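Reproduced below: model_26.txt, with compact mmCIF, C-alpha atoms and all ligand atoms.
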```
# COMPACT_ATOMS: atom_id res chain seq x y z
CA MET A 1 -7.63 -31.96 0.84
CA LYS A 2 -6.64 -30.10 3.95
CA VAL A 3 -5.66 -26.48 3.38
CA SER A 4 -4.28 -24.26 6.13
CA PHE A 5 -3.96 -20.51 6.10
CA THR A 6 -4.87 -17.53 8.26
CA VAL A 7 -8.00 -15.44 7.95
CA ASN A 8 -7.96 -12.06 9.62
CA GLY A 9 -5.03 -13.22 11.73
CA GLU A 10 -6.64 -16.47 12.90
CA PRO A 11 -5.24 -19.81 11.74
CA VAL A 12 -7.79 -21.95 9.93
CA SER A 13 -7.65 -25.39 8.40
CA VAL A 14 -10.35 -26.61 6.03
CA ASP A 15 -10.91 -29.99 4.44
CA VAL A 16 -12.38 -29.20 1.01
CA PRO A 17 -11.73 -29.97 -2.66
CA PRO A 18 -8.54 -28.14 -3.67
CA GLU A 19 -10.23 -26.44 -6.61
CA MET A 20 -13.00 -24.95 -4.46
CA PRO A 21 -12.86 -21.16 -4.87
CA LEU A 22 -11.61 -19.32 -1.81
CA LEU A 23 -14.85 -17.31 -1.87
CA TRP A 24 -16.89 -20.47 -1.27
CA VAL A 25 -14.64 -21.45 1.61
CA LEU A 26 -14.89 -18.03 3.20
CA ARG A 27 -18.66 -17.77 2.89
CA ASP A 28 -19.92 -21.33 3.18
CA VAL A 29 -17.30 -23.08 5.28
CA LEU A 30 -16.00 -20.28 7.50
CA GLU A 31 -19.31 -18.36 7.56
CA LEU A 32 -17.68 -15.05 6.69
CA LYS A 33 -20.50 -13.58 4.61
CA GLY A 34 -19.13 -10.07 4.18
CA THR A 35 -17.34 -10.99 0.96
CA LYS A 36 -19.86 -11.12 -1.86
CA PHE A 37 -20.42 -13.22 -4.97
CA GLY A 38 -21.09 -11.11 -8.04
CA CYS A 39 -20.03 -12.55 -11.39
CA GLY A 40 -17.89 -15.55 -10.45
CA ILE A 41 -15.55 -14.88 -13.39
CA ALA A 42 -13.17 -12.21 -12.05
CA GLN A 43 -15.02 -9.37 -13.76
CA CYS A 44 -16.77 -7.36 -11.01
CA GLY A 45 -14.58 -7.22 -7.90
CA ALA A 46 -17.37 -7.97 -5.40
CA CYS A 47 -15.38 -10.91 -4.02
CA THR A 48 -12.14 -9.00 -3.43
CA VAL A 49 -10.08 -10.02 -0.41
CA HIS A 50 -6.43 -9.62 0.42
CA LEU A 51 -4.06 -12.51 -0.17
CA ASN A 52 -0.74 -11.69 1.46
CA GLY A 53 -1.70 -8.02 1.23
CA ASN A 54 -2.68 -8.04 -2.43
CA ALA A 55 -6.24 -7.41 -3.61
CA THR A 56 -7.36 -10.76 -5.00
CA ARG A 57 -10.56 -12.05 -6.58
CA SER A 58 -11.57 -14.89 -4.36
CA CYS A 59 -14.21 -16.22 -6.78
CA VAL A 60 -11.55 -17.59 -9.12
CA LEU A 61 -8.79 -18.46 -6.65
CA PRO A 62 -8.65 -22.20 -5.89
CA VAL A 63 -8.36 -22.55 -2.14
CA SER A 64 -5.26 -24.71 -2.63
CA GLN A 65 -3.46 -21.54 -3.71
CA ALA A 66 -4.16 -20.01 -0.31
CA GLU A 67 -2.11 -22.66 1.48
CA GLY A 68 0.09 -20.87 4.03
CA ALA A 69 -1.19 -17.45 3.00
CA GLU A 70 -2.53 -14.55 5.01
CA VAL A 71 -6.08 -13.85 3.91
CA ARG A 72 -7.90 -10.74 5.00
CA THR A 73 -11.59 -10.15 4.44
CA VAL A 74 -13.73 -7.10 5.04
CA GLU A 75 -14.45 -8.44 8.53
CA GLY A 76 -10.73 -8.06 9.24
CA LEU A 77 -10.38 -4.43 8.21
CA SER A 78 -10.99 -3.42 11.83
CA PRO A 79 -12.65 -5.06 14.82
CA ASP A 80 -15.13 -2.24 15.27
CA GLY A 81 -15.62 -0.41 11.98
CA THR A 82 -13.01 2.22 12.76
CA HIS A 83 -10.65 1.68 9.84
CA ALA A 84 -10.13 5.07 8.16
CA LEU A 85 -11.89 3.83 5.03
CA GLN A 86 -14.88 2.55 6.99
CA GLN A 87 -15.15 5.88 8.79
CA ALA A 88 -14.94 7.81 5.53
CA TRP A 89 -17.52 5.49 3.96
CA LYS A 90 -19.92 6.30 6.82
CA GLU A 91 -19.24 10.02 6.83
CA LEU A 92 -19.74 10.33 3.08
CA ASP A 93 -22.63 7.83 2.86
CA VAL A 94 -20.71 6.01 0.16
CA PRO A 95 -22.84 2.84 -0.22
CA GLN A 96 -26.17 2.74 -1.96
CA CYS A 97 -27.38 -0.89 -2.04
CA GLY A 98 -24.05 -1.91 -0.52
CA TYR A 99 -23.55 -5.11 -2.47
CA CYS A 100 -20.26 -4.15 -4.08
CA GLN A 101 -18.86 -2.27 -1.12
CA ALA A 102 -16.91 -4.99 0.67
CA GLY A 103 -14.92 -5.48 -2.52
CA GLN A 104 -14.56 -1.74 -2.99
CA LEU A 105 -13.24 -1.36 0.56
CA MET A 106 -10.73 -4.18 0.17
CA SER A 107 -9.39 -2.82 -3.12
CA ALA A 108 -9.15 0.64 -1.57
CA ALA A 109 -7.41 -0.72 1.53
CA ALA A 110 -4.83 -2.55 -0.58
CA LEU A 111 -4.21 0.67 -2.50
CA LEU A 112 -3.72 2.79 0.62
CA GLU A 113 -1.44 0.20 2.18
CA ARG A 114 0.99 0.49 -0.72
CA ASN A 115 0.38 4.18 -1.47
CA GLY A 116 -0.83 6.40 1.36
CA SER A 117 -1.31 9.45 -0.84
CA PRO A 118 -2.68 8.32 -4.20
CA THR A 119 -3.48 10.64 -7.09
CA ASP A 120 -6.91 10.43 -8.72
CA GLN A 121 -5.26 8.58 -11.60
CA GLU A 122 -3.78 6.04 -9.19
CA ILE A 123 -7.15 5.66 -7.47
CA ASP A 124 -8.86 5.10 -10.82
CA ALA A 125 -6.26 2.51 -11.81
CA ALA A 126 -6.57 0.62 -8.52
CA MET A 127 -10.38 0.70 -8.44
CA ASN A 128 -11.03 0.19 -12.14
CA GLY A 129 -12.01 -3.46 -11.82
CA ASN A 130 -14.53 -2.93 -9.01
CA ILE A 131 -17.95 -2.42 -10.56
CA CYS A 132 -20.79 -0.68 -8.75
CA ARG A 133 -24.21 -1.06 -10.31
CA CYS A 134 -25.43 1.84 -8.17
CA ALA A 135 -22.68 4.05 -9.61
CA THR A 136 -21.22 5.25 -6.34
CA TYR A 137 -17.85 5.78 -8.02
CA LEU A 138 -17.56 9.44 -7.18
CA ARG A 139 -18.24 8.90 -3.50
CA ILE A 140 -15.85 5.94 -3.44
CA LYS A 141 -13.10 8.16 -4.78
CA GLN A 142 -13.94 10.87 -2.25
CA GLY A 143 -13.96 8.26 0.50
CA ILE A 144 -10.51 7.05 -0.46
CA ARG A 145 -9.23 10.62 -0.56
CA ALA A 146 -10.78 11.34 2.86
CA ALA A 147 -9.29 8.19 4.37
CA ALA A 148 -5.89 9.23 3.02
CA GLY A 149 -6.29 12.70 4.54
CA LEU A 150 -6.51 14.32 1.11
CA PRO A 151 -8.96 17.08 0.11
CA ALA A 152 -12.25 16.03 -1.51
CA THR A 153 -10.95 16.67 -5.02
CA GLU A 154 -7.44 16.69 -6.38
CA ASP A 155 -7.60 20.31 -7.53
CA GLY A 156 -9.40 21.56 -4.41
CA SER A 157 -12.59 22.38 -6.34
CA MET A 158 -16.05 21.51 -5.07
CA GLU A 159 -16.95 19.64 -8.23
CA GLY A 160 -18.98 16.55 -7.43
CA SER A 161 -18.86 17.11 -3.68
CA ALA A 162 -22.62 16.65 -3.32
CA GLY A 163 -22.11 12.92 -3.69
CA GLY A 164 -23.70 12.44 -7.08
CA ALA A 165 -23.38 9.44 -9.30
CA ALA A 166 -21.09 10.73 -12.06
CA HIS A 167 -18.44 8.16 -12.65
CA PRO A 168 -15.96 6.73 -15.08
CA THR A 169 -17.16 3.55 -16.74
CA PRO A 170 -15.01 0.66 -15.57
CA SER A 171 -13.23 -1.08 -18.37
CA SER A 172 -13.68 -4.54 -16.89
S1 LIG B 1 -17.53 -12.35 -8.00
FE1 LIG B 1 -15.40 -12.35 -8.17
S2 LIG B 1 -14.94 -10.78 -9.57
FE2 LIG B 1 -17.12 -10.91 -9.60
S1 LIG B 2 -23.61 0.25 -3.87
FE1 LIG B 2 -24.98 -0.97 -5.05
S2 LIG B 2 -23.65 -2.09 -6.37
FE2 LIG B 2 -22.36 -0.66 -5.41
```

Just dump the structure as structure tokens.
Ligand code: FES
Ligand code: FES
Amino acid sequence: MKVSFTVNGEPVSVDVPPEMPLLWVLRDVLELKGTKFGCGIAQCGACTVHLNGNATRSCVLPVSQAEGAEVRTVEGLSPDGTHALQQAWKELDVPQCGYCQAGQLMSAAALLERNGSPTDQEIDAAMNGNICRCATYLRIKQGIRAAAGLPATEDGSMEGSAGGAAHPTPSS
């Protein structure tokens, strides 16, 4: 089946089984390897991309459902790594092993695109489904706050500013 959509602004057309997950198409057909496979069952967030601006788990999305859609992957956040989130991630040394971070960035980008000044509660709600085995949750939250131009912590305290690994346990 031929499926046509755009990826990072470029039109693409692929001839693949309609049930093939979008993640497979991105990685194995279009050679966009930034988006990662984690669980394959919509539980970890590693495969998060944007589908028409919404954070979407590409491991469980049949490519047929992307017909006519705008897909954005981590490669499309910016041409040169200068998206505010990417800059904050570098400044705060957010990643540890890095495996989950493309998904983290895409969930964070979707959040900031609909809410440029999120509260910690809103950040937690938006990022809850993105699991990080290295427990970089605190730095991820600080990175999102930095990218939004917010102080390091909601109450202005220095708590956690050394970049430790304290974190809420994701519920999914
Ligand atoms: S690989 Fe898609 S949610 Fe885990
Ligand atoms: S940085 Fe290692 S899994 Fe998140």

>> When you look at Asp93 (chain A) with a cut-off of 10 Å (counting only C-alpha atoms), what residues show up, excluding the ones that are within fewer than 2 positions of it in the same chain? I need them as an NGL selection string.
In response: :A and (87-91 or 95-96 or 136 or 139-140 or 143 or 163)

>> Taking all atoms listed in the file into account, list the residues no farther than 10 Å from ligand LIG 2 (chain B), as a list in words.
In response: Gly38, Cys44, Ala46, Val94, Pro95, Gln96, Cys97, Gly98, Tyr99, Cys100, Gln101, Ala102, Gly103, Gln104, Asn130, Ile131, Cys132, Arg133, Cys134, Ala135, Thr136, Tyr137 and Ile140 of chain A

Any chance you could tabulate, as a tab-separated table, the residues of chain A at most 8 Å from ligand LIG 1 (chain B) with each one's nearest atom pair and distance in Å to one decimal, using all atoms listed in the file, in chain and rising number order?
```
residue	atom	partner	partner_atom	distance
A:Lys36	CA	B:LIG1	S1	6.7
A:Phe37	CA	B:LIG1	S1	4.3
A:Gly38	CA	B:LIG1	S1	3.8
A:Cys39	CA	B:LIG1	FE2	3.8
A:Gly40	CA	B:LIG1	S1	4.0
A:Ile41	CA	B:LIG1	S2	5.6
A:Ala42	CA	B:LIG1	S2	3.4
A:Gln43	CA	B:LIG1	S2	4.4
A:Cys44	CA	B:LIG1	FE2	3.8
A:Gly45	CA	B:LIG1	S2	3.9
A:Ala46	CA	B:LIG1	S1	5.1
A:Cys47	CA	B:LIG1	FE1	4.4
A:Thr48	CA	B:LIG1	FE1	6.7
A:Arg57	CA	B:LIG1	FE1	5.1
A:Ser58	CA	B:LIG1	FE1	6.0
A:Cys59	CA	B:LIG1	FE1	4.3
A:Val60	CA	B:LIG1	FE1	6.6
A:Asn130	CA	B:LIG1	S2	7.9
```

Hey, can I get the axis-aligned box for region 120-133 of chain A? All listed atoms, 3 Å padding on each side, centre and edge lengths in Å to one decimal, as lines of an AutoDock Vina configuration file.
```
center_x = -14.0
center_y = 3.5
center_z = -9.8
size_x = 26.4
size_y = 19.9
size_z = 10.7
```

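Taking CA of Ala110 (chain A) and CA of Glu31 (chain A) as the two end points, the separation is 22.9 Å.
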
>> For a quick check of understanding, using all atoms listed in the file, which of A:Asn8, A:Ser78, A:Gln142, A:Thr73 has the smallest distance to Asp120 (chain A)?
In response: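 For Asp120 (chain A), the nearest of the candidates is A:Gln142.
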
> In Å to one decimal, how far is CA of Gly116 (chain A) from CA of Thr35 (chain A)?
Replying inline: 24.0 Å

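Rounded to one decimal, CA of Gly76 (chain A) and CA of Gln121 (chain A) lie 27.2 Å from each other.
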
> Pick the closest to Leu111 (chain A) from A:Pro18, A:Gly53, A:Pro11, A:Gly34: which is it, counting all atoms listed in the file?
Replying inline: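 Residue with the minimum atom-to-atom distance to Leu111 (chain A): A:Gly53.
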
>> Using only C-alpha atoms for the distances, tell me which of A:Ala152, A:Arg145, A:Glu19, A:Leu105 is nearest to Glu122 (chain A).
In response: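 For Glu122 (chain A), the nearest of the candidates is A:Arg145.
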
> Pick the closest to Ile144 (chain A) from A:Pro62, A:Gly129, A:Pro118, A:Pro17: which is it, counting only C-alpha atoms?
Replying inline: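 The shortest atom-to-atom distance to Ile144 (chain A) comes from A:Pro118.
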
>> I need the residue nearest Glu70 (chain A) from this list: A:Val29, A:Val49, A:Leu150, A:Ala109. Use all atoms listed in the file for the distance.
In response: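 Once distances to Glu70 (chain A) are computed over all atoms listed in the file, the minimum belongs to A:Val49.
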
> When distances are computed from only C-alpha atoms, which of A:Leu138, A:Val12, A:Leu32, A:Val3 shows the smallest separation from Ile123 (chain A)?
Replying inline: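 Using only C-alpha atoms, the shortest distance to Ile123 (chain A) belongs to A:Leu138.
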